[in-house]
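Q: Handing you a structure now.
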Amino acid sequence: MGLGEDLIRRRERVVCRGVGRLSTMTAASAAGAIITDVDGREFIDFASGIGVMTVGHCDEAVVRAIREQAGSLLHTSFHVATYEPYVALCEKLVELFPHGGNARAVLVNTGAEAVENAIKISRQATGRAGVICYTGAFHGRTLMAATLTSKVAYKLGCGPFMPEVYRLPYPARIAHEGLNEDEVVGRELARLRGALKDTVAPDGVAAIIIELVQGEGGFYVAPRAYVEGLREICDEHGIVLIFDEVQTGFCRTGAWGAVEHYGVTPDLSTWAKALGGGLPIAAVVGRGEVMDRVTPGTLGGTYGGNPVACAAGLAAIERMAALDLNARARHVGGVIRARFESMNAQSPWVTEVRGLGAMLAIELCEDGDPGRPAAGAVRDIITHCRDRGLLVISAGVQANVIRTLVPLVITDEQLGAGLDILEKAVLHHTGVTPRFAGHAGGA
Ligand SMILES: Cc1ncc(COP(=O)(O)O)c(C=O)c1O
């Protein structure tokens, strides 16, 4: 038995099965865009630990910052003693995400916690309870976050869920519906205005929370005009607008936040994943007038904004700026999109290419029939890729989307080799003979 199999067996013996397992892959070490498993096999990483390792695995500057901070102050709890790395990270966050000026931040540990806190802040600031969210949304697995999350597979048997949560269709253009973007925006803004008449009164709504690009939901991109309309409606009714940037944040879309593509300022935003360079840290950043309405003592926790995680976050942000990972994301995104468009042209099963910057995905439907999402083919493609040295993960409520969240420090050579493996796998599992020749990776 290989060391990997042994490790998986040990996992199965003691780890609760509720912790989802996307593959039988193991990991012993990693550097840049390469993960080495416990048997010494190397994999090109197209997953980044679900969008976290944007600056690459074990970036030297991040590791150095962690070591130095761990040697001087590990923990006091920010409630008990104020330490500099927490304040410095908040200063950096409000500089990057000014929220119209006078912004403030609070640090927590995970994306779900950031979402929980954004809702608590909205409720305190407005004195209202309601929250509007979207189909396909993923906001995490704690109870409020799971309530806001759409895909039932993530929350089976976990209810009852939180009251006063209302869900609307995500305003994405669905290719086979045949509507153009303006028509979708018009229909969905009218639906929201209608919901404020027939479903929940606006003076009962604390917040609307939206992912500008849905992550787990399958990389649908919200149209700019819809987000502008959302801002107007929130302003009209005093509703707090929250952008959940947990997956889109920190260079993934070719900007510090997807917000930069929209020219719309939210009242609150949530951040996590890439922020910590690999350590767990998350944040809510918000407009001063909203954040200042929160009662002291109602936010925080023992570990939120741990000094080592803050030091990692500060170092990761510095690396992103020094390496200009926003520009790199645009380049990487261009390379991936071109290859995805080629798969779309070659295989009728590849029904759509979606995303923003380096956050790109393909959707697969059997024989191109939108009524038959190809979750089985996606599973086979992912296994095929793993067997040939590429780690890639799926997304989508129907699990029929393959998404790329590559470490943005990936070299052009690694990116090309990974895409070769993926393209061959997609074409093989959708019954198409590859048109190209000479790509590495095996069939
Ligand atoms: C948009 C979004 N919000 C929230 C979360 C939850 O983050 P975490 O897993 O750190 O709790 C995720 C995780 O994938 C996410 O993509």
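Starting from 1 in every chain, residues are counted up; chains themselves are A, B, ... following the order of the structure tokens, and ligands are numbered from 1 as listed.
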Determine, counting only C-alpha atoms, which protein, DNA and RNA residues have an atom within 8 Å of an atom of Ala27 (chain A); residues of the same chain fewer than 5 positions away are not included. Present the result as a PyMOL selection string.

A: chain A and resi 35-38

Q: Kindly provide, as a PyMOL selection string, all nucleotide and amino acid residues lying within 8 Å of ligand 1, counting only C-alpha atoms and all ligand atoms.

A: chain A and resi 50-51+109-115+137-142+145+211+214-216+244-248+270+272-273+280+282

Q: Of the candidates A:His428, A:Pro169, A:Val285, A:Val184, which shows the shortest atom-to-atom distance to Gly101 (chain A), using only C-alpha atoms?

A: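 Under the stated criterion, the closest residue is A:Val285.
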
Q: Between CA of Gln414 (chain A) and CA of Ser23 (chain A), what is the distance in Å, rounded to a tenth?

A: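 Interatomic distance here is 21.4 Å.
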
Q: Here is a test: counting only C-alpha atoms, which residue of A:Gly301, A:Gly288, A:Gly2, A:Gly368 is nearest to Ala103 (chain A)?

A: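 Ranking A:Gly301, A:Gly288, A:Gly2, A:Gly368 by distance to Ala103 (chain A), first place goes to A:Gly288.
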
Q: Give me the residues within 12 Å of Met291 (chain A) as a JSON list (two decimals) with C-alpha atoms, in the first residue's frame, counting only C-alpha atoms and dropping any in the same chain fewer than 2 places off.

A:
```
[["chain", "number", "residue", "atom", "x", "y", "z"],
["A", 99, "HIS", "CA", -16.00, 52.25, 0.86],
["A", 102, "ASN", "CA", -13.79, 56.74, 6.44],
["A", 103, "ALA", "CA", -13.95, 52.93, 6.28],
["A", 104, "ARG", "CA", -13.39, 50.60, 9.24],
["A", 105, "ALA", "CA", -12.59, 46.90, 9.43],
["A", 106, "VAL", "CA", -13.02, 43.94, 11.77],
["A", 117, "ASN", "CA", -20.56, 39.47, 11.05],
["A", 118, "ALA", "CA", -21.61, 41.46, 7.98],
["A", 119, "ILE", "CA", -25.20, 40.40, 8.65],
["A", 120, "LYS", "CA", -24.92, 41.25, 12.36],
["A", 121, "ILE", "CA", -23.51, 44.67, 11.48],
["A", 122, "SER", "CA", -26.31, 45.31, 8.94],
["A", 123, "ARG", "CA", -28.97, 44.37, 11.46],
["A", 124, "GLN", "CA", -27.53, 46.59, 14.17],
["A", 125, "ALA", "CA", -27.06, 49.49, 11.77],
["A", 126, "THR", "CA", -30.62, 49.35, 10.39],
["A", 240, "VAL", "CA", -27.11, 47.81, 3.48],
["A", 267, "ASP", "CA", -21.70, 49.54, 2.33],
["A", 268, "LEU", "CA", -19.94, 46.40, 3.55],
["A", 269, "SER", "CA", -17.68, 43.81, 1.97],
["A", 284, "VAL", "CA", -15.47, 42.73, 7.09],
["A", 285, "VAL", "CA", -14.69, 46.19, 5.74],
["A", 286, "GLY", "CA", -17.37, 48.86, 5.73],
["A", 287, "ARG", "CA", -18.48, 52.45, 5.51],
["A", 288, "GLY", "CA", -17.80, 54.30, 8.76],
["A", 289, "GLU", "CA", -21.42, 55.40, 9.28],
["A", 293, "ARG", "CA", -23.52, 51.92, 14.69],
["A", 294, "VAL", "CA", -22.37, 48.59, 16.10],
["A", 295, "THR", "CA", -22.45, 48.07, 19.88],
["A", 296, "PRO", "CA", -19.04, 47.29, 21.46],
["A", 298, "THR", "CA", -21.07, 42.28, 19.79],
["A", 299, "LEU", "CA", -18.28, 41.41, 17.33]]
```

Q: Tell me, as an mmCIF file with N, CA and C atoms, in the first residue's frame, which residues lie within 9 Å of Leu143 (chain A), counting only C-alpha atoms; anything in the same chain fewer than 4 positions away does not count.

A:
```cif
data_model
loop_
_atom_site.group_PDB
_atom_site.id
_atom_site.type_symbol
_atom_site.label_atom_id
_atom_site.label_comp_id
_atom_site.auth_asym_id
_atom_site.auth_seq_id
_atom_site.Cartn_x
_atom_site.Cartn_y
_atom_site.Cartn_z
ATOM 1 N N GLU A 116 -21.246 36.132 8.566
ATOM 2 C CA GLU A 116 -22.070 36.224 9.790
ATOM 3 C C GLU A 116 -21.985 37.643 10.364
ATOM 4 N N THR A 147 -27.651 29.250 5.756
ATOM 5 C CA THR A 147 -28.994 29.687 5.375
ATOM 6 C C THR A 147 -28.920 30.497 4.087
ATOM 7 N N LEU A 148 -27.922 31.354 3.989
ATOM 8 C CA LEU A 148 -27.764 32.202 2.797
ATOM 9 C C LEU A 148 -27.267 31.399 1.604
ATOM 10 N N CYS A 158 -29.420 20.090 8.131
ATOM 11 C CA CYS A 158 -28.820 21.026 9.099
ATOM 12 C C CYS A 158 -29.821 22.041 9.631
ATOM 13 N N GLY A 159 -31.049 22.033 9.112
ATOM 14 C CA GLY A 159 -32.035 23.033 9.536
ATOM 15 C C GLY A 159 -32.600 22.728 10.906
ATOM 16 N N PHE A 161 -33.273 26.529 9.459
ATOM 17 C CA PHE A 161 -32.365 27.615 9.124
ATOM 18 C C PHE A 161 -32.879 28.928 9.688
ATOM 19 N N MET A 162 -32.126 29.992 9.478
ATOM 20 C CA MET A 162 -32.462 31.281 10.078
ATOM 21 C C MET A 162 -33.696 31.886 9.397
#
```

Q: Given only C-alpha atoms as the basis, pick out the residue of A:Val205, A:Val264, A:Ala33, A:Val259 nearest to Glu228 (chain A).

A: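 Nearest candidate to Glu228 (chain A) out of A:Val205, A:Val264, A:Ala33, A:Val259: A:Val264.
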
Q: Can you pull out the residues contacting Ile362 (chain A)? Cut-off 8 Å, using only C-alpha atoms, and skip same-chain residues under 3 positions away; I want them as a ChimeraX atom specification.

A: /A:340,350-354,401-403

Q: Give me every strand (DSSP E) residue in region 11-41 of chain A, going by DSSP on the backbone, as a PyMOL selection string.

A: chain A and resi 29-31+34-36

Q: Quick one: distance from CA of Leu356 (chain A) to CA of Gly431 (chain A) in Å, one decimal?

A: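 Value for the CA of Leu356 (chain A)-CA of Gly431 (chain A) distance: 28.3 Å.
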
Q: Ranking A:Ile336, A:Ala172, A:Leu96, A:Val131 by minimum distance to Leu360 (chain A) and counting only C-alpha atoms, which one comes first?

A: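 The shortest atom-to-atom distance to Leu360 (chain A) comes from A:Ile336.
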
Q: Would you mind listing what lies within 7 Å of Leu168 (chain A) as a PyMOL selection string, with only C-alpha atoms counted and same-chain residues fewer than 6 positions away left out?

A: chain A and resi 133-135

Q: Let's see if you can do this: from backbone DSSP, list all alpha helix (DSSP H) residues in region 112-181 of chain A, as a ChimeraX atom specification.

A: /A:112-126,143-148,181

Q: Using only C-alpha atoms, which of the listed residues (A:Thr383, A:Gly238, A:Glu188, A:Ala129) sits closest to Val200 (chain A)?

A: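 Ranked by minimum distance to Val200 (chain A), first place goes to A:Ala129.
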